[in-house]
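Trainee: entry-v7.txt is reproduced in full below (compact mmCIF, C-alpha atoms and all ligand atoms).
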# COMPACT_ATOMS: atom_id res chain seq x y z
CA MET A 1 343.02 -52.38 1.37
CA SER A 2 341.74 -52.25 4.97
CA THR A 3 340.09 -48.98 5.97
CA ALA A 4 340.04 -49.87 9.70
CA SER A 5 341.40 -47.06 11.80
CA ALA A 6 341.73 -46.06 15.45
CA ILE A 7 340.22 -42.62 16.03
CA ILE A 8 340.19 -40.48 19.17
CA SER A 9 336.47 -40.32 19.93
CA GLY A 10 336.62 -38.36 23.20
CA THR A 11 339.04 -36.54 25.50
CA GLY A 12 339.07 -35.54 29.16
CA MET A 13 341.36 -34.17 31.85
CA SER A 14 341.51 -33.62 35.58
CA VAL A 15 344.03 -31.66 37.63
CA PRO A 16 344.24 -30.83 41.35
CA ASP A 17 342.51 -27.61 42.45
CA ARG A 18 345.58 -26.41 44.34
CA VAL A 19 347.73 -23.96 42.37
CA VAL A 20 351.37 -23.56 43.44
CA THR A 21 353.09 -20.53 41.90
CA ASN A 22 356.80 -19.86 41.46
CA GLN A 23 356.46 -17.25 44.20
CA ASP A 24 355.16 -19.98 46.54
CA LEU A 25 358.26 -22.08 45.74
CA GLU A 26 360.58 -19.14 46.41
CA LYS A 27 359.47 -19.45 50.03
CA ILE A 28 360.45 -23.10 50.44
CA VAL A 29 363.53 -23.64 48.25
CA ASN A 30 366.48 -21.56 47.00
CA THR A 31 365.02 -20.52 43.65
CA SER A 32 363.42 -17.53 41.94
CA ASP A 33 360.45 -16.87 39.72
CA LYS A 34 362.91 -15.34 37.24
CA TRP A 35 365.04 -18.51 37.04
CA ILE A 36 362.08 -20.88 36.73
CA THR A 37 360.28 -18.78 34.13
CA SER A 38 363.33 -18.13 31.98
CA ARG A 39 364.83 -21.65 32.20
CA THR A 40 361.58 -23.67 31.94
CA GLY A 41 358.59 -21.47 31.00
CA ILE A 42 356.70 -22.63 34.10
CA ARG A 43 354.78 -20.00 36.09
CA GLU A 44 352.52 -22.23 38.17
CA ARG A 45 351.56 -25.89 38.53
CA ARG A 46 348.83 -28.04 40.11
CA ILE A 47 349.80 -30.04 43.18
CA ALA A 48 347.61 -32.74 44.74
CA GLY A 49 346.34 -32.61 48.30
CA LYS A 50 347.33 -35.04 51.02
CA ASP A 51 344.34 -37.36 50.50
CA GLU A 52 344.42 -37.33 46.70
CA LYS A 53 346.02 -40.17 44.77
CA LEU A 54 346.66 -40.94 41.11
CA SER A 55 343.33 -42.73 40.60
CA THR A 56 341.45 -39.65 41.88
CA PHE A 57 342.45 -37.80 38.71
CA CYS A 58 342.44 -40.83 36.35
CA ILE A 59 338.79 -41.55 37.17
CA LYS A 60 337.63 -37.95 36.54
CA ALA A 61 339.62 -37.59 33.30
CA ALA A 62 338.41 -40.98 32.02
CA GLN A 63 334.76 -40.24 32.85
CA ALA A 64 335.01 -36.95 30.95
CA ALA A 65 336.56 -38.73 27.94
CA MET A 66 333.83 -41.41 27.92
CA ASP A 67 331.11 -38.73 28.17
CA ALA A 68 332.66 -36.83 25.27
CA ALA A 69 332.88 -40.02 23.20
CA GLY A 70 329.32 -41.06 24.07
CA VAL A 71 330.63 -44.44 25.21
CA THR A 72 329.24 -46.27 28.26
CA PRO A 73 331.51 -48.08 30.78
CA PRO A 74 330.55 -51.64 29.67
CA GLU A 75 331.57 -50.76 26.09
CA ILE A 76 335.20 -50.15 27.11
CA ALA A 77 337.24 -53.26 26.22
CA MET A 78 340.61 -52.16 27.61
CA ILE A 79 342.03 -49.58 30.01
CA ILE A 80 345.69 -48.56 29.85
CA VAL A 81 347.06 -46.18 32.47
CA ALA A 82 350.43 -44.74 31.47
CA THR A 83 352.20 -43.60 34.62
CA VAL A 84 355.35 -43.79 36.73
CA THR A 85 353.46 -42.79 39.89
CA PRO A 86 350.71 -45.39 40.46
CA ASP A 87 348.47 -45.57 43.54
CA HIS A 88 350.40 -48.69 44.66
CA PRO A 89 353.07 -51.02 43.25
CA ILE A 90 350.32 -53.67 43.34
CA PRO A 91 347.61 -53.66 41.99
CA ALA A 92 347.79 -51.66 38.79
CA THR A 93 346.00 -48.31 39.03
CA ALA A 94 344.09 -49.28 35.85
CA CYS A 95 342.30 -51.98 37.90
CA ILE A 96 341.19 -49.40 40.48
CA VAL A 97 339.96 -47.15 37.65
CA GLN A 98 338.13 -50.08 36.01
CA ASN A 99 336.22 -50.81 39.20
CA ALA A 100 335.41 -47.16 39.99
CA LEU A 101 334.04 -46.53 36.49
CA GLY A 102 332.19 -49.83 36.19
CA CYS A 103 334.07 -50.90 33.05
CA LYS A 104 333.32 -54.56 33.82
CA ASN A 105 334.31 -55.82 30.37
CA ALA A 106 337.69 -54.13 30.22
CA ALA A 107 341.11 -55.71 30.57
CA ALA A 108 343.12 -53.21 32.59
CA PHE A 109 346.84 -52.66 33.08
CA ASP A 110 349.44 -49.94 33.71
CA MET A 111 352.26 -49.05 31.37
CA GLN A 112 355.55 -47.49 32.43
CA ALA A 113 357.41 -45.57 29.74
CA GLY A 114 358.19 -42.30 31.55
CA CYS A 115 356.96 -39.11 29.97
CA SER A 116 356.53 -40.98 26.66
CA GLY A 117 353.94 -43.24 28.32
CA PHE A 118 350.86 -41.70 26.73
CA ILE A 119 352.19 -42.09 23.16
CA TYR A 120 353.34 -45.64 23.96
CA ALA A 121 349.86 -46.48 25.32
CA GLN A 122 348.19 -44.83 22.34
CA SER A 123 350.30 -47.00 20.00
CA VAL A 124 349.35 -50.18 21.87
CA ALA A 125 345.66 -49.21 21.93
CA LYS A 126 345.76 -48.55 18.21
CA GLN A 127 346.89 -52.13 17.53
CA PHE A 128 343.98 -53.59 19.49
CA VAL A 129 341.44 -51.31 17.82
CA VAL A 130 342.70 -51.70 14.25
CA SER A 131 342.95 -55.50 14.59
CA GLY A 132 339.28 -55.60 15.60
CA ARG A 133 340.01 -57.03 19.05
CA CYS A 134 338.71 -53.93 20.90
CA LYS A 135 336.02 -51.47 19.83
CA HIS A 136 336.81 -48.86 22.48
CA VAL A 137 340.01 -48.48 24.53
CA LEU A 138 340.48 -45.98 27.33
CA VAL A 139 344.01 -44.54 27.33
CA ILE A 140 344.94 -42.48 30.38
CA GLY A 141 348.19 -40.57 30.91
CA ALA A 142 348.47 -39.57 34.57
CA GLU A 143 351.03 -38.57 37.19
CA ILE A 144 351.14 -37.47 40.80
CA LEU A 145 354.82 -36.60 40.80
CA SER A 146 354.54 -34.24 43.79
CA LYS A 147 354.41 -37.26 46.10
CA PHE A 148 357.86 -38.38 44.90
CA LEU A 149 359.66 -35.04 44.91
CA ASN A 150 362.31 -33.86 47.32
CA TRP A 151 360.93 -30.41 48.08
CA GLU A 152 364.47 -29.30 48.98
CA ASP A 153 365.87 -30.25 45.55
CA ARG A 154 365.41 -27.18 43.36
CA ALA A 155 366.51 -29.08 40.26
CA THR A 156 363.33 -31.19 40.30
CA CYS A 157 360.68 -29.73 42.62
CA VAL A 158 360.12 -26.61 40.52
CA ILE A 159 359.53 -28.66 37.36
CA PHE A 160 357.29 -31.66 38.00
CA ALA A 161 353.55 -31.56 38.78
CA ASP A 162 350.31 -33.54 38.90
CA GLY A 163 347.34 -34.25 36.64
CA ALA A 164 345.64 -36.69 34.30
CA GLY A 165 344.46 -36.69 30.71
CA ALA A 166 342.45 -39.38 28.95
CA VAL A 167 341.21 -40.35 25.52
CA VAL A 168 338.81 -42.98 24.24
CA MET A 169 340.21 -44.64 21.13
CA SER A 170 337.52 -46.20 18.98
CA GLU A 171 336.99 -48.04 15.72
CA GLY A 172 336.73 -45.61 12.85
CA ASP A 173 337.43 -45.28 9.17
CA PHE A 174 340.54 -44.13 7.37
CA PRO A 175 341.55 -41.36 6.56
CA ARG A 176 340.71 -40.33 10.18
CA GLY A 177 342.63 -41.77 13.15
CA VAL A 178 346.21 -42.56 14.11
CA LEU A 179 348.10 -42.42 10.81
CA SER A 180 351.54 -43.36 12.12
CA SER A 181 353.49 -43.80 15.32
CA ALA A 182 357.01 -44.70 16.46
CA MET A 183 358.54 -45.62 19.81
CA TYR A 184 362.20 -45.66 20.85
CA THR A 185 364.26 -46.52 23.92
CA ASP A 186 367.92 -46.15 24.85
CA GLY A 187 368.50 -47.87 28.19
CA ASP A 188 372.13 -46.75 28.10
CA MET A 189 370.79 -43.49 29.54
CA ALA A 190 368.54 -45.16 32.14
CA ASP A 191 370.33 -43.29 34.92
CA PHE A 192 369.42 -39.81 33.59
CA ILE A 193 365.99 -39.81 35.33
CA THR A 194 365.45 -42.21 38.23
CA LEU A 195 363.54 -42.98 41.38
CA PRO A 196 366.08 -45.48 42.74
CA ALA A 197 364.32 -47.16 45.68
CA GLY A 198 361.05 -48.97 46.25
CA GLY A 199 361.60 -51.73 43.70
CA SER A 200 363.44 -55.05 43.95
CA ALA A 201 366.89 -53.48 43.46
CA ILE A 202 366.54 -51.26 46.52
CA PRO A 203 363.53 -52.39 48.58
CA PRO A 204 362.15 -49.81 51.00
CA SER A 205 364.23 -49.59 54.17
CA ALA A 206 365.10 -47.08 56.85
CA GLU A 207 368.42 -46.64 55.03
CA SER A 208 366.85 -45.95 51.63
CA LEU A 209 364.55 -43.38 53.23
CA GLU A 210 367.45 -41.80 55.08
CA GLN A 211 369.40 -41.49 51.80
CA GLY A 212 366.47 -39.89 49.96
CA GLN A 213 366.35 -42.69 47.41
CA HIS A 214 362.55 -42.55 47.18
CA PHE A 215 362.71 -39.18 45.45
CA ILE A 216 362.94 -38.47 41.72
CA GLN A 217 366.43 -37.57 40.56
CA MET A 218 367.25 -36.04 37.20
CA ARG A 219 370.37 -35.13 35.22
CA GLY A 220 368.45 -32.31 33.59
CA ASN A 221 371.12 -30.81 31.39
CA GLU A 222 372.09 -34.08 29.67
CA THR A 223 368.42 -35.01 29.30
CA PHE A 224 367.73 -31.65 27.69
CA LYS A 225 370.22 -32.19 24.86
CA MET A 226 368.94 -35.68 24.05
CA ALA A 227 365.34 -34.45 24.17
CA VAL A 228 365.77 -31.85 21.44
CA ARG A 229 367.62 -34.23 19.09
CA SER A 230 365.33 -37.22 19.50
CA LEU A 231 362.04 -35.30 19.47
CA ALA A 232 362.88 -33.56 16.21
CA GLY A 233 363.96 -36.90 14.70
CA VAL A 234 360.86 -38.87 15.71
CA CYS A 235 358.56 -36.07 14.54
CA ARG A 236 360.15 -36.08 11.08
CA GLU A 237 359.88 -39.87 10.97
CA VAL A 238 356.18 -40.13 11.87
CA LEU A 239 355.27 -37.31 9.49
CA GLU A 240 357.16 -38.99 6.66
CA SER A 241 355.49 -42.37 7.41
CA ALA A 242 352.12 -40.64 7.13
CA GLY A 243 353.13 -39.05 3.84
CA LEU A 244 353.04 -35.57 5.40
CA THR A 245 355.39 -32.65 6.01
CA PRO A 246 355.64 -30.17 8.93
CA GLY A 247 353.69 -27.73 6.77
CA ASP A 248 350.66 -30.05 6.93
CA VAL A 249 350.50 -29.99 10.74
CA ASN A 250 347.60 -28.01 12.23
CA TRP A 251 348.57 -28.72 15.85
CA PHE A 252 351.93 -29.77 17.27
CA ILE A 253 351.27 -31.10 20.79
CA PRO A 254 354.67 -31.80 22.37
CA HIS A 255 355.33 -33.18 25.83
CA GLN A 256 355.49 -30.15 28.12
CA ALA A 257 358.94 -30.70 29.65
CA ASN A 258 360.50 -27.32 29.09
CA GLN A 259 359.49 -24.28 27.01
CA ARG A 260 363.04 -24.10 25.62
CA ILE A 261 362.89 -27.74 24.44
CA ILE A 262 359.52 -27.13 22.79
CA GLY A 263 360.86 -23.96 21.15
CA ALA A 264 364.03 -25.65 19.87
CA VAL A 265 362.12 -28.64 18.43
CA GLY A 266 359.51 -26.33 16.88
CA GLU A 267 362.28 -24.27 15.26
CA ARG A 268 363.95 -27.38 13.83
CA LEU A 269 360.65 -28.56 12.36
CA GLY A 270 359.49 -25.12 11.26
CA ILE A 271 356.36 -25.41 13.41
CA THR A 272 356.17 -22.28 15.56
CA GLY A 273 353.61 -19.82 16.89
CA GLU A 274 349.97 -20.81 17.43
CA ARG A 275 350.38 -24.25 15.81
CA CYS A 276 352.75 -25.32 18.58
CA TYR A 277 350.61 -25.80 21.71
CA VAL A 278 352.12 -24.78 25.02
CA ASN A 279 350.51 -24.93 28.47
CA ILE A 280 353.62 -25.62 30.59
CA ASP A 281 353.25 -22.11 32.04
CA ARG A 282 350.06 -23.26 33.85
CA PHE A 283 350.68 -26.96 34.51
CA GLY A 284 354.45 -27.56 34.71
CA ASN A 285 355.79 -30.94 33.60
CA THR A 286 353.12 -33.57 34.26
CA SER A 287 355.09 -36.33 32.50
CA ALA A 288 352.75 -38.91 30.88
CA ALA A 289 349.76 -36.60 31.47
CA SER A 290 351.04 -33.56 29.61
CA ILE A 291 350.00 -34.50 26.05
CA PRO A 292 346.45 -35.72 26.83
CA ILE A 293 345.87 -32.65 29.05
CA ALA A 294 347.00 -30.36 26.23
CA LEU A 295 344.91 -32.30 23.71
CA ASP A 296 341.79 -32.01 25.87
CA GLU A 297 342.33 -28.26 26.23
CA ILE A 298 342.49 -27.57 22.50
CA VAL A 299 339.62 -29.95 21.71
CA ARG A 300 337.32 -28.39 24.33
CA ALA A 301 338.29 -24.90 23.19
CA GLY A 302 336.85 -25.89 19.80
CA LYS A 303 340.19 -25.39 18.09
CA VAL A 304 340.45 -28.81 16.42
CA LYS A 305 338.40 -29.35 13.25
CA GLU A 306 337.65 -32.65 11.53
CA GLY A 307 340.48 -33.45 9.16
CA ASP A 308 343.10 -31.49 11.15
CA ILE A 309 346.56 -33.08 11.43
CA LEU A 310 347.86 -33.45 15.01
CA LEU A 311 351.51 -34.22 15.67
CA MET A 312 352.31 -35.51 19.17
CA ALA A 313 355.77 -36.29 20.55
CA ALA A 314 357.23 -37.05 23.96
CA PHE A 315 360.50 -37.81 25.67
CA GLY A 316 361.39 -39.07 29.14
CA ALA A 317 362.80 -41.54 31.63
CA GLY A 318 364.24 -44.71 30.18
CA LEU A 319 365.28 -42.91 28.12
CA THR A 320 362.25 -43.28 25.90
CA TRP A 321 360.85 -41.16 23.11
CA ALA A 322 357.88 -41.52 20.82
CA GLY A 323 355.72 -39.71 18.30
CA SER A 324 352.41 -40.07 16.51
CA VAL A 325 350.36 -38.39 13.82
CA VAL A 326 346.57 -38.30 14.09
CA ARG A 327 344.05 -37.05 11.55
CA TRP A 328 341.10 -35.70 13.58
O1 LIG B 1 360.01 -34.73 31.17
C1 LIG B 1 360.99 -35.70 31.27
C2 LIG B 1 362.21 -35.29 30.57
N1 LIG B 1 362.83 -34.21 31.26
C3 LIG B 1 363.33 -33.22 30.60
O2 LIG B 1 363.22 -33.17 29.40
C4 LIG B 1 364.07 -32.18 31.40
C5 LIG B 1 365.14 -31.56 30.56
N2 LIG B 1 365.96 -30.61 31.28
C6 LIG B 1 365.57 -29.37 31.60
O3 LIG B 1 364.44 -28.98 31.37
C7 LIG B 1 366.62 -28.44 32.19
O4 LIG B 1 367.86 -29.07 32.13
C8 LIG B 1 366.31 -28.01 33.64
C9 LIG B 1 365.15 -27.03 33.65
C10 LIG B 1 366.01 -29.21 34.49
C11 LIG B 1 367.52 -27.29 34.22
O5 LIG B 1 367.87 -26.18 33.42
P1 LIG B 1 369.36 -25.97 32.93
O6 LIG B 1 369.38 -24.72 32.19
O7 LIG B 1 369.78 -27.22 32.22
O8 LIG B 1 370.12 -25.78 34.29
P2 LIG B 1 371.39 -26.57 34.87
O9 LIG B 1 370.96 -27.86 35.43
O10 LIG B 1 372.50 -26.57 33.84
O11 LIG B 1 371.81 -25.60 36.04
C12 LIG B 1 372.27 -24.25 35.78
C13 LIG B 1 372.37 -23.52 37.11
C14 LIG B 1 373.12 -24.31 38.18
O12 LIG B 1 373.85 -23.38 38.95
P3 LIG B 1 375.42 -23.16 38.72
O13 LIG B 1 376.06 -24.50 38.95
O14 LIG B 1 375.56 -22.67 37.31
O15 LIG B 1 375.78 -22.15 39.75
C15 LIG B 1 372.02 -24.88 39.03
O16 LIG B 1 372.42 -25.14 40.35
O17 LIG B 1 371.07 -23.28 37.62
C16 LIG B 1 371.00 -23.77 38.98
N3 LIG B 1 369.64 -24.20 39.24
C17 LIG B 1 368.71 -23.39 39.75
N4 LIG B 1 368.74 -22.13 40.14
C18 LIG B 1 367.60 -21.58 40.65
C19 LIG B 1 369.09 -25.43 38.99
N5 LIG B 1 367.80 -25.43 39.36
C20 LIG B 1 367.54 -24.18 39.85
C21 LIG B 1 366.39 -23.56 40.37
N6 LIG B 1 366.47 -22.27 40.74
N7 LIG B 1 365.21 -24.21 40.49
Produce structure tokens that represent the structure in this file.
Mentor:
Amino acid sequence: MSTASAIISGTGMSVPDRVVTNQDLEKIVNTSDKWITSRTGIRERRIAGKDEKLSTFCIKAAQAAMDAAGVTPPEIAMIIVATVTPDHPIPATACIVQNALGCKNAAAFDMQAGCSGFIYAQSVAKQFVVSGRCKHVLVIGAEILSKFLNWEDRATCVIFADGAGAVVMSEGDFPRGVLSSAMYTDGDMADFITLPAGGSAIPPSAESLEQGQHFIQMRGNETFKMAVRSLAGVCREVLESAGLTPGDVNWFIPHQANQRIIGAVGERLGITGERCYVNIDRFGNTSAASIPIALDEIVRAGKVKEGDILLMAAFGAGLTWAGSVVRW
């Protein structure tokens, strides 16, 4: 039996310095700290400055992950940036990151799977590492959603935020590493979360700008219901594939979309309290970045011990959902 495994050998994160509180938002849109806190769990979020772009944060998070892993740029064989908010439609942000970091031997590409993007990218990276094709893969989950928000739309602007998280996935030996993962999509609900214009269906035009079609739109309530059902389901599935139960999980690291979603999924699984990591109060919903940011926080706080079982799960635009189990 093969003992090849893909382990997480280093983590990193980077968020904008600028903190925007719920009280700040009360001044620009018809909302209240009470509504945002009680309906989402968010108290503040990080919002990028005018001159900052996605790659600004990807590069810092990736450098931190490589430093933690003790891996040099030429050793990276692949870079995957999971995002829906790249620097440009062309080229891929991963190429800009590759050049900035000096990862001359890395194939680099972006992956678009909404808020599930990091788990999708982790699953792809695992295949390349376990097959022996790549020794070290840089997986970055990053978003700069503030640039695509309508700051007059209270249904979205109070929720989404900016940041990047990164991991280096490296060759290792079982029983450590990614034990199981699963990815799902239901395009029947593709219109739940959209940014309609800017692609080939609605190319940029004065009309599309006028109609606000370059802003993120979300049918939050319908998305919420699907999120709870599918997250609980995929978590049970990946645990079962790994031969584990919720009782074995040391850290549940869910996508930080909404405190109430996290709570409901945790309740269904029986994973509550300290084991269920929450930082949405400080960072809001950073989409593909939320899981790697949370992971970096608990790793750097010294809370993850070798052998610990980490359960990660995400849900987002597409609709997509995905989960994975990692033994640290
Ligand atoms: O990460 C990608 C995946 N995304 C998600 O998983 C998001 C899932 N959805 C959610 O987290 C929640 O649905 C939201 C936080 C987006 C919204 O919470 P909700 O409890 O589902 O609110 P709602 O959309 O049903 O709206 C309830 C009320 C409405 O007012 P009326 O019609 O009852 O008078 C909204 O207009 O709350 C109002 N509302 C607000 N009020 C104050 C909506 N947004 C705001 C706001 N401040 N920011």
Trainee: To check your reading of the model: which residues sit at most 6 Å from ligand LIG 1 (chain B) when counting all atoms listed in the file? Write the answer as a list of chain:residue names.
Mentor: A:Thr31, A:Ser32, A:Trp35, A:Ile36, A:Arg39, A:Thr40, A:Cys115, A:Arg154, A:Ala155, A:Val158, A:Gly220, A:Asn221, A:Thr223, A:Phe224, A:Ala227, A:Ala257, A:Asn258, A:Ser287, A:Phe315, A:Gly316
Trainee: Have a look at A:Ile8, A:Ala314, A:Gly117, A:Ile144 and name the one nearest to Met226 (chain A); count all atoms listed in the file.
Mentor: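 Closest residue, counting all atoms listed in the file: A:Ala314.
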Trainee: For a quick check of understanding, using all atoms listed in the file, which of A:Val20, A:Val15, A:Val326, A:Val29 has the smallest distance to Arg43 (chain A)?
Mentor: A:Val20
Trainee: Which of these residues is nearest to Val139 (chain A), using all atoms listed in the file: A:Pro292, A:Gly163, A:Thr194, A:Gly233?
Mentor: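 Under the stated criterion, the closest residue is A:Pro292.
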Trainee: In Å, how far is it from CA of Glu306 (chain A) to CA of Leu244 (chain A)?
Mentor: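 Separation between CA of Glu306 (chain A) and CA of Leu244 (chain A): 16.8 Å.
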Trainee: Using only C-alpha atoms, can you tell me which of A:Ala100, A:Val130, A:Ala4, A:Met169 comes closest to Ala65 (chain A)?
Mentor: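 Closest to Ala65 (chain A), using only C-alpha atoms: A:Met169.
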Trainee: Calculated over all atoms listed in the file, which of the candidates A:His214, A:Phe174, A:Ala62, A:Ser5 has the smallest distance to Val129 (chain A)?
Mentor: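 Between A:His214, A:Phe174, A:Ala62, A:Ser5, the residue approaching Val129 (chain A) most closely is A:Ser5.
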Trainee: Which residues are near Gly177 (chain A)? Cut-off 12 Å, all atoms listed in the file, ignore same chain within fewer than 2 positions. Put them as a CSV table (one decimal) with C-alpha atoms, in the frame of the given file.
Mentor:
chain,number,residue,atom,x,y,z
A,3,THR,CA,340.1,-49.0,6.0
A,4,ALA,CA,340.0,-49.9,9.7
A,5,SER,CA,341.4,-47.1,11.8
A,6,ALA,CA,341.7,-46.1,15.4
A,7,ILE,CA,340.2,-42.6,16.0
A,8,ILE,CA,340.2,-40.5,19.2
A,9,SER,CA,336.5,-40.3,19.9
A,122,GLN,CA,348.2,-44.8,22.3
A,123,SER,CA,350.3,-47.0,20.0
A,125,ALA,CA,345.7,-49.2,21.9
A,126,LYS,CA,345.8,-48.6,18.2
A,129,VAL,CA,341.4,-51.3,17.8
A,130,VAL,CA,342.7,-51.7,14.2
A,168,VAL,CA,338.8,-43.0,24.2
A,169,MET,CA,340.2,-44.6,21.1
A,170,SER,CA,337.5,-46.2,19.0
A,171,GLU,CA,337.0,-48.0,15.7
A,172,GLY,CA,336.7,-45.6,12.8
A,173,ASP,CA,337.4,-45.3,9.2
A,174,PHE,CA,340.5,-44.1,7.4
A,175,PRO,CA,341.6,-41.4,6.6
A,179,LEU,CA,348.1,-42.4,10.8
A,180,SER,CA,351.5,-43.4,12.1
A,181,SER,CA,353.5,-43.8,15.3
A,242,ALA,CA,352.1,-40.6,7.1
A,306,GLU,CA,337.6,-32.6,11.5
A,307,GLY,CA,340.5,-33.4,9.2
A,308,ASP,CA,343.1,-31.5,11.2
A,309,ILE,CA,346.6,-33.1,11.4
A,310,LEU,CA,347.9,-33.4,15.0
A,311,LEU,CA,351.5,-34.2,15.7
A,324,SER,CA,352.4,-40.1,16.5
A,325,VAL,CA,350.4,-38.4,13.8
A,326,VAL,CA,346.6,-38.3,14.1
A,327,ARG,CA,344.0,-37.0,11.6
A,328,TRP,CA,341.1,-35.7,13.6
Trainee: Have a look at A:Val228, A:Val265, A:Ala197, A:Ile119 and name the one nearest to Val178 (chain A); count only C-alpha atoms.
Mentor: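 Among the listed residues, A:Ile119 lies closest to Val178 (chain A).
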Trainee: What is the CA of Leu195 (chain A)-CA of Ile216 (chain A) distance in Å, reported with one decimal?
Mentor: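 Pair CA of Leu195 (chain A) / CA of Ile216 (chain A) returns 4.6 Å.
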Trainee: What gap, in Å, lies between CA of Ala68 (chain A) and CA of Val81 (chain A)?
Mentor: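 The value is 18.6 Å.
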Trainee: For Ala142 (chain A), work out the shell of residues within 8 Å, counting all atoms listed in the file and skipping chain neighbours fewer than 4 positions away, then give it as a PyMOL selection string.
Mentor: chain A and resi 54+57-58+81-83+85+162-165+286-289
Trainee: Do you know which residues are at most 6 Å from Met78 (chain A) counting only C-alpha atoms, after dropping those on the same chain fewer than 2 positions away, and could you put them as a VMD selection string?
Mentor: chain A and resid 76 106 to 108 137
Trainee: Each residue of region 233-307 of chain A lying at most 12 Å from region 21-26 of chain A should get a row with its shortest atom-to-atom pair and the distance in Å to one decimal, counting all atoms listed in the file; could you produce that, ordered by chain and increasing number, as a tab-separated table?
Mentor:
residue	atom	partner	partner_atom	distance
A:Asp281	CA	A:Thr21	CA	10.0
A:Arg282	CA	A:Thr21	CA	9.0
A:Phe283	CA	A:Thr21	CA	10.1
A:Gly284	CA	A:Thr21	CA	10.1
Trainee: Tell me, as a VMD selection string, which residues lie within 6 Å of Cys103 (chain A), counting only C-alpha atoms; anything in the same chain fewer than 3 positions away does not count.
Mentor: chain A and resid 73 to 74 98 106
